[in-house]
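Structure, as C-alpha cells:
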Amino acid sequence: MANNKKKKLTPTQQQYQELAKRHEPPRPLAKNFVRAFLVGGVICLLGQAIQEVFIRYFHFTEKTAGSPTQAVLILISVVLTAVGLFDRIGQWAGAGTAVPVTGFANSIASAAIEHKSEGYVLGVGGNMFKIAGPVIVFGVFAAFVIGLIKTLITMGG
Amino acid sequence: MLVGHQTWVFPTRPVILSSAAIGGPFEAEGPLSSDFDTLHGDTFLGQGSWEKAEKALMEEACDKAIEKAGLTKEQVHFFLGGDLMNQIISSSFAARTLTIPYLGLFGACSTTMEGLALAALIVDSQSGDYVLTGSCSHNSSAEKQYRYPTEYGGQKPPTAQWSVTGAGAALVGSKGNGLHVTSATIGRVVDMGLKDPFNMGAAMAPAALNTIETHFRERQLPHDYYDLVVTGDLGRVGHGILSELLPKHQINLPLDRYRDCGMLIYGDNPSVWSGGSGAGCVASVTYGHLFRSMEKGAWKRILVVATGALHSPMTYQQGESIPCIAHAVSIESA
C-alpha cells in the first residue's frame, strides 16, 4: 500500500524535481558521441589491422582470423585493466570502449580483480561475471529466439 | 536539554578535546591537504583489501585523536562510530582493536554529525567523561559495494560524486580547552522521490533544508547567527539547489557564508564531477579543515549539517526512491 502511494509523486515532490532538474548539469551528449565514435572507430581499426596481420603472416582466412583477433583485443583490454588504465580511458571514451569486445573483457577482468580478496572460488569465480553475466544470458537467449525464427522461416520456404 | 521538537541544546557546552583527519593520496592533492594529520600515498594502506584499508583509516583517526588529547584509550568511556559499508564493518572492526565500549551508528554520510551529537549528549548528561566519535569511507570499497568494480571502465555523469578516502575522529569531554558543541538538531527522513544514485546531491538537498529550517526555528536564532554553515556532501549540484531553496523558504542565510564539504575537499578538480562524498568527506573536512580553521580564529560559530542518502544498491534496483536525512551540530569557540 505505502509503496503504491509513493509511486505517485505529491505536487511538492514534482515541484522540487523540476527545480532540481534545472540545477543538473546536462550530460555532454555531443562530446560523448564524438569521443565514442573516435575511440570505437580506432578500436575497430586496430582490430582490422590485427586481422590483416593474421591473414597475411599466419595463413588465416578472413573467416578464421576473427577469433584470434578478438583474443588479442581481449588481452590488450585485460592488461590495460590490470595496470589501472582502462577505467580512465573508459571515463573519457564512454561507449567507445564499452561497446566493442574491449568493454566486455574489462567488465570481467575488473570484477575478477576486485573480488580476489574474497578468495579464488567464491570471490573471483562467483563474481567475475557479475556485470558480464546479463550480457551472456540475454545474448544467448536472443540468439536462440532469432535461430528459432530463422528455422521456422526456412521451413516454410 | 530538548528545545522545540528535535533540537538539543547542551548547557554544559561539551568540549572537543581533540580531532584528527586521515586521508589518501587523492585527498593529498586537494586544497585541504595541509589540514590532514596523516596522508597516505598508498590507497591500500599496506592492507590486503579495500575493506581492511578503510578499517585502518578509522583506527588511525581514532588513535590520533586519543593521542592528541593526551589520553589513553582506557580512559575513553564510549566510542560512537559508523561508515558506509554493509554491517558498518569498518567501525565495528576498528572498535575491536580499540576495545572501547562501542555503539555502532548508520546514517550514511550523516553519521559524522549523528555521532558528534550523541557524543555531546552523553557528555552533557554526565553519562561519560570522554567520548570518541568518528566515521570513515574509502573510495574503492564504496565503489565496490555501491557501484561497479574500481577498474571497470564505465562512464559517470556530471552529477556523480567522488567518494572520499578518509576518516575523521573527535574526542568530546566535559571540561578542558577547545571548541564547544553547543546544540544539535536531529533530522527527519525526507524523500522527494528522486531515484538516481548518481545524483545524490539533488536527493539530499531537501533534507538539509528541512534540518536547517528546523534548527533556526527551534533555537530561535537569527539566520545570520553562524559565521559559517557547512553542508556535508551535497556537491556542486546540491549546493546550487540549496542556495536557491534557502531564500525561497525565507531563510535569509548570507549565501557567502554557506559552503559544502564535498566542494571544499577537492576544490575545482573536474575529475570528481559534482564534488566529494562519503562519510569520510564530512568527517575529514570537519575534524580537519573546519576545526583547525576555527582554532586559528577564522570563524567563531559554525553549523555543520551532514547529509546522508539512506538507500542501498538493492533498494535502487527494486525501484525505490532515495530517502535522505541531515543532522546539524553547532560548534562554537570559547
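By order of appearance in the C-alpha cells: chains A, B, ..., then residues from 1 within every chain, and ligands from 1 in the order shown.
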
Give me, as CSV, each residue of chain B that comes within 8 Å of chain A, together with its shortest interatomic pair and the distance in Å at one decimal, counting only C-alpha atoms, with rows ordered by chain and rising residue number.
```
residue,atom,partner,partner_atom,distance
B:Gly48,CA,A:Ser117,CA,7.2
B:Ser49,CA,A:Ser117,CA,5.9
B:Lys144,CA,A:Glu114,CA,7.3
B:Pro149,CA,A:Ala111,CA,5.5
B:Thr150,CA,A:Glu114,CA,6.9
B:Glu151,CA,A:Ser110,CA,5.0
B:Tyr152,CA,A:Ser110,CA,5.3
B:Gly153,CA,A:Asp87,CA,3.7
B:Gly154,CA,A:Gly90,CA,5.7
B:Gln155,CA,A:Gln91,CA,4.4
B:Lys156,CA,A:Gln91,CA,6.7
B:Pro157,CA,A:Arg27,CA,6.2
B:Pro158,CA,A:Pro25,CA,6.3
B:Thr159,CA,A:Glu24,CA,6.6
B:Met192,CA,A:Gln13,CA,5.0
B:Gly193,CA,A:Gln13,CA,6.4
B:Leu194,CA,A:Gln17,CA,7.4
B:Ala202,CA,A:Ala20,CA,6.0
B:Val237,CA,A:His23,CA,6.0
B:Gly240,CA,A:His23,CA,6.6
B:Ile241,CA,A:Ala20,CA,6.3
```

Write out, as an mmCIF file, in the first residue's frame, the residues just selected, with N, CA and C atoms.
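The file below, result.cif, is the result:
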```
data_model
loop_
_atom_site.group_PDB
_atom_site.id
_atom_site.type_symbol
_atom_site.label_atom_id
_atom_site.label_comp_id
_atom_site.auth_asym_id
_atom_site.auth_seq_id
_atom_site.Cartn_x
_atom_site.Cartn_y
_atom_site.Cartn_z
ATOM 1 N N GLY B 48 45.517 -5.817 2.772
ATOM 2 C CA GLY B 48 45.242 -6.763 1.698
ATOM 3 C C GLY B 48 43.960 -6.509 0.918
ATOM 4 N N SER B 49 43.083 -5.650 1.414
ATOM 5 C CA SER B 49 41.834 -5.386 0.696
ATOM 6 C C SER B 49 41.378 -3.956 0.973
ATOM 7 N N LYS B 144 33.079 -0.462 -4.901
ATOM 8 C CA LYS B 144 32.862 -1.912 -4.966
ATOM 9 C C LYS B 144 31.475 -2.283 -4.452
ATOM 10 N N PRO B 149 33.019 -2.473 -10.044
ATOM 11 C CA PRO B 149 34.406 -2.680 -9.637
ATOM 12 C C PRO B 149 35.255 -1.449 -9.953
ATOM 13 N N THR B 150 36.277 -1.218 -9.142
ATOM 14 C CA THR B 150 37.058 0.015 -9.277
ATOM 15 C C THR B 150 37.710 0.173 -10.648
ATOM 16 N N GLU B 151 38.087 -0.940 -11.265
ATOM 17 C CA GLU B 151 38.762 -0.842 -12.560
ATOM 18 C C GLU B 151 37.787 -0.922 -13.733
ATOM 19 N N TYR B 152 36.490 -0.937 -13.453
ATOM 20 C CA TYR B 152 35.504 -1.013 -14.531
ATOM 21 C C TYR B 152 35.463 0.318 -15.280
ATOM 22 N N GLY B 153 35.448 0.223 -16.605
ATOM 23 C CA GLY B 153 35.543 1.434 -17.425
ATOM 24 C C GLY B 153 34.216 2.052 -17.794
ATOM 25 N N GLY B 154 33.301 2.169 -16.845
ATOM 26 C CA GLY B 154 32.019 2.817 -17.129
ATOM 27 C C GLY B 154 32.155 4.323 -17.032
ATOM 28 N N GLN B 155 31.290 5.037 -17.762
ATOM 29 C CA GLN B 155 31.354 6.495 -17.742
ATOM 30 C C GLN B 155 30.361 7.039 -16.732
ATOM 31 N N LYS B 156 30.792 8.052 -15.959
ATOM 32 C CA LYS B 156 29.881 8.620 -14.963
ATOM 33 C C LYS B 156 29.355 9.968 -15.437
ATOM 34 N N PRO B 157 28.106 10.280 -15.065
ATOM 35 C CA PRO B 157 27.527 11.560 -15.473
ATOM 36 C C PRO B 157 28.081 12.714 -14.640
ATOM 37 N N PRO B 158 27.906 13.948 -15.104
ATOM 38 C CA PRO B 158 28.476 15.098 -14.380
ATOM 39 C C PRO B 158 27.849 15.350 -13.012
ATOM 40 N N THR B 159 26.731 14.670 -12.690
ATOM 41 C CA THR B 159 26.127 14.857 -11.368
ATOM 42 C C THR B 159 26.727 13.895 -10.336
ATOM 43 N N MET B 192 12.112 13.115 -1.598
ATOM 44 C CA MET B 192 11.421 13.879 -2.632
ATOM 45 C C MET B 192 11.207 13.047 -3.897
ATOM 46 N N GLY B 193 11.398 11.759 -3.783
ATOM 47 C CA GLY B 193 11.074 10.875 -4.903
ATOM 48 C C GLY B 193 12.168 10.733 -5.943
ATOM 49 N N LEU B 194 13.368 11.250 -5.635
ATOM 50 C CA LEU B 194 14.449 11.100 -6.615
ATOM 51 C C LEU B 194 15.041 9.696 -6.532
ATOM 52 N N ALA B 202 21.156 16.249 -5.355
ATOM 53 C CA ALA B 202 19.774 16.703 -5.560
ATOM 54 C C ALA B 202 18.822 15.963 -4.626
ATOM 55 N N VAL B 237 26.041 20.326 -7.359
ATOM 56 C CA VAL B 237 24.629 20.267 -7.763
ATOM 57 C C VAL B 237 23.733 20.580 -6.564
ATOM 58 N N GLY B 240 24.024 24.169 -5.260
ATOM 59 C CA GLY B 240 23.267 25.098 -6.100
ATOM 60 C C GLY B 240 21.785 25.061 -5.768
ATOM 61 N N ILE B 241 21.274 23.852 -5.579
ATOM 62 C CA ILE B 241 19.846 23.690 -5.268
ATOM 63 C C ILE B 241 19.518 24.322 -3.922
#
```

Which residues are close to segment 63-73 of chain A, i.e. within 7 Å by only C-alpha atoms, leaving aside same-chain residues fewer than 6 positions away? Reply as an NGL selection string. :A and (47 or 50-51 or 54-55 or 102)

So which bits of segment 99-134 of chain B end up strand (DSSP E or B) when you DSSP the backbone, as a ChimeraX atom specification? /B:102-105,130-134

Can I get the selection written as an mmCIF file, in the first residue's frame, with N, CA, C and O atoms?
```
data_model
loop_
_atom_site.group_PDB
_atom_site.id
_atom_site.type_symbol
_atom_site.label_atom_id
_atom_site.label_comp_id
_atom_site.auth_asym_id
_atom_site.auth_seq_id
_atom_site.Cartn_x
_atom_site.Cartn_y
_atom_site.Cartn_z
ATOM 1 N N TYR B 102 31.385 0.327 22.702
ATOM 2 C CA TYR B 102 31.103 0.847 21.358
ATOM 3 C C TYR B 102 29.632 0.827 20.994
ATOM 4 O O TYR B 102 28.909 -0.126 21.273
ATOM 5 N N LEU B 103 29.181 1.908 20.363
ATOM 6 C CA LEU B 103 27.847 1.941 19.768
ATOM 7 C C LEU B 103 28.018 2.194 18.273
ATOM 8 O O LEU B 103 28.623 3.191 17.879
ATOM 9 N N GLY B 104 27.520 1.283 17.459
ATOM 10 C CA GLY B 104 27.638 1.436 16.009
ATOM 11 C C GLY B 104 26.489 2.258 15.471
ATOM 12 O O GLY B 104 25.350 2.107 15.884
ATOM 13 N N LEU B 105 26.820 3.172 14.545
ATOM 14 C CA LEU B 105 25.793 4.065 14.006
ATOM 15 C C LEU B 105 25.724 3.914 12.492
ATOM 16 O O LEU B 105 26.729 3.663 11.846
ATOM 17 N N TYR B 130 34.691 11.028 28.682
ATOM 18 C CA TYR B 130 35.371 11.137 27.387
ATOM 19 C C TYR B 130 34.675 10.229 26.387
ATOM 20 O O TYR B 130 34.574 9.028 26.611
ATOM 21 N N VAL B 131 34.187 10.819 25.317
ATOM 22 C CA VAL B 131 33.516 10.024 24.292
ATOM 23 C C VAL B 131 34.182 10.286 22.946
ATOM 24 O O VAL B 131 34.380 11.433 22.540
ATOM 25 N N LEU B 132 34.543 9.194 22.284
ATOM 26 C CA LEU B 132 35.203 9.289 20.993
ATOM 27 C C LEU B 132 34.172 9.038 19.901
ATOM 28 O O LEU B 132 33.330 8.143 20.026
ATOM 29 N N THR B 133 34.206 9.850 18.843
ATOM 30 C CA THR B 133 33.284 9.599 17.736
ATOM 31 C C THR B 133 34.012 9.798 16.409
ATOM 32 O O THR B 133 34.912 10.625 16.313
ATOM 33 N N GLY B 134 33.632 8.990 15.427
ATOM 34 C CA GLY B 134 34.300 9.120 14.139
ATOM 35 C C GLY B 134 33.564 8.386 13.045
ATOM 36 O O GLY B 134 32.674 7.579 13.299
#
```

I'd like the neighbourhood of Asp227 of chain B as a list of chain:residue names, where a residue qualifies if any of its atoms comes within 6 Å (using only C-alpha atoms), though same-chain residues fewer than 5 positions away should be ignored.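 Skipping anything fewer than 5 positions along the chain leaves B:Trp299, B:Arg301, B:Ile302.
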
Put those residues in a file: C-alpha atoms, as a PDB file, in the first residue's frame.
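part.pdb written:
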```pdb
ATOM      1  CA  TRP B 299      35.144  31.548  12.405  1.00  0.00           C
ATOM      2  CA  ARG B 301      30.369  29.849  15.333  1.00  0.00           C
ATOM      3  CA  ILE B 302      29.664  27.219  12.729  1.00  0.00           C
TER       4      ILE B 302
END
```

Gln126 of chain B: which residues within 10 Å, counting only C-alpha atoms, same-chain residues fewer than 6 positions away excluded, as number ranges by chain? B: 12, 120, 173-174

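Atom CA of Val135 of chain A is positioned 29.0 Å from atom CA of Phe60 of chain A.
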
Take atom CA of Ala208 of chain B and atom CA of Ser183 of chain B and report the distance between them in Å, one decimal. 16.3 Å

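Atom CA of Gly115 of chain B lies 14.4 Å from atom CA of Val15 of chain B.
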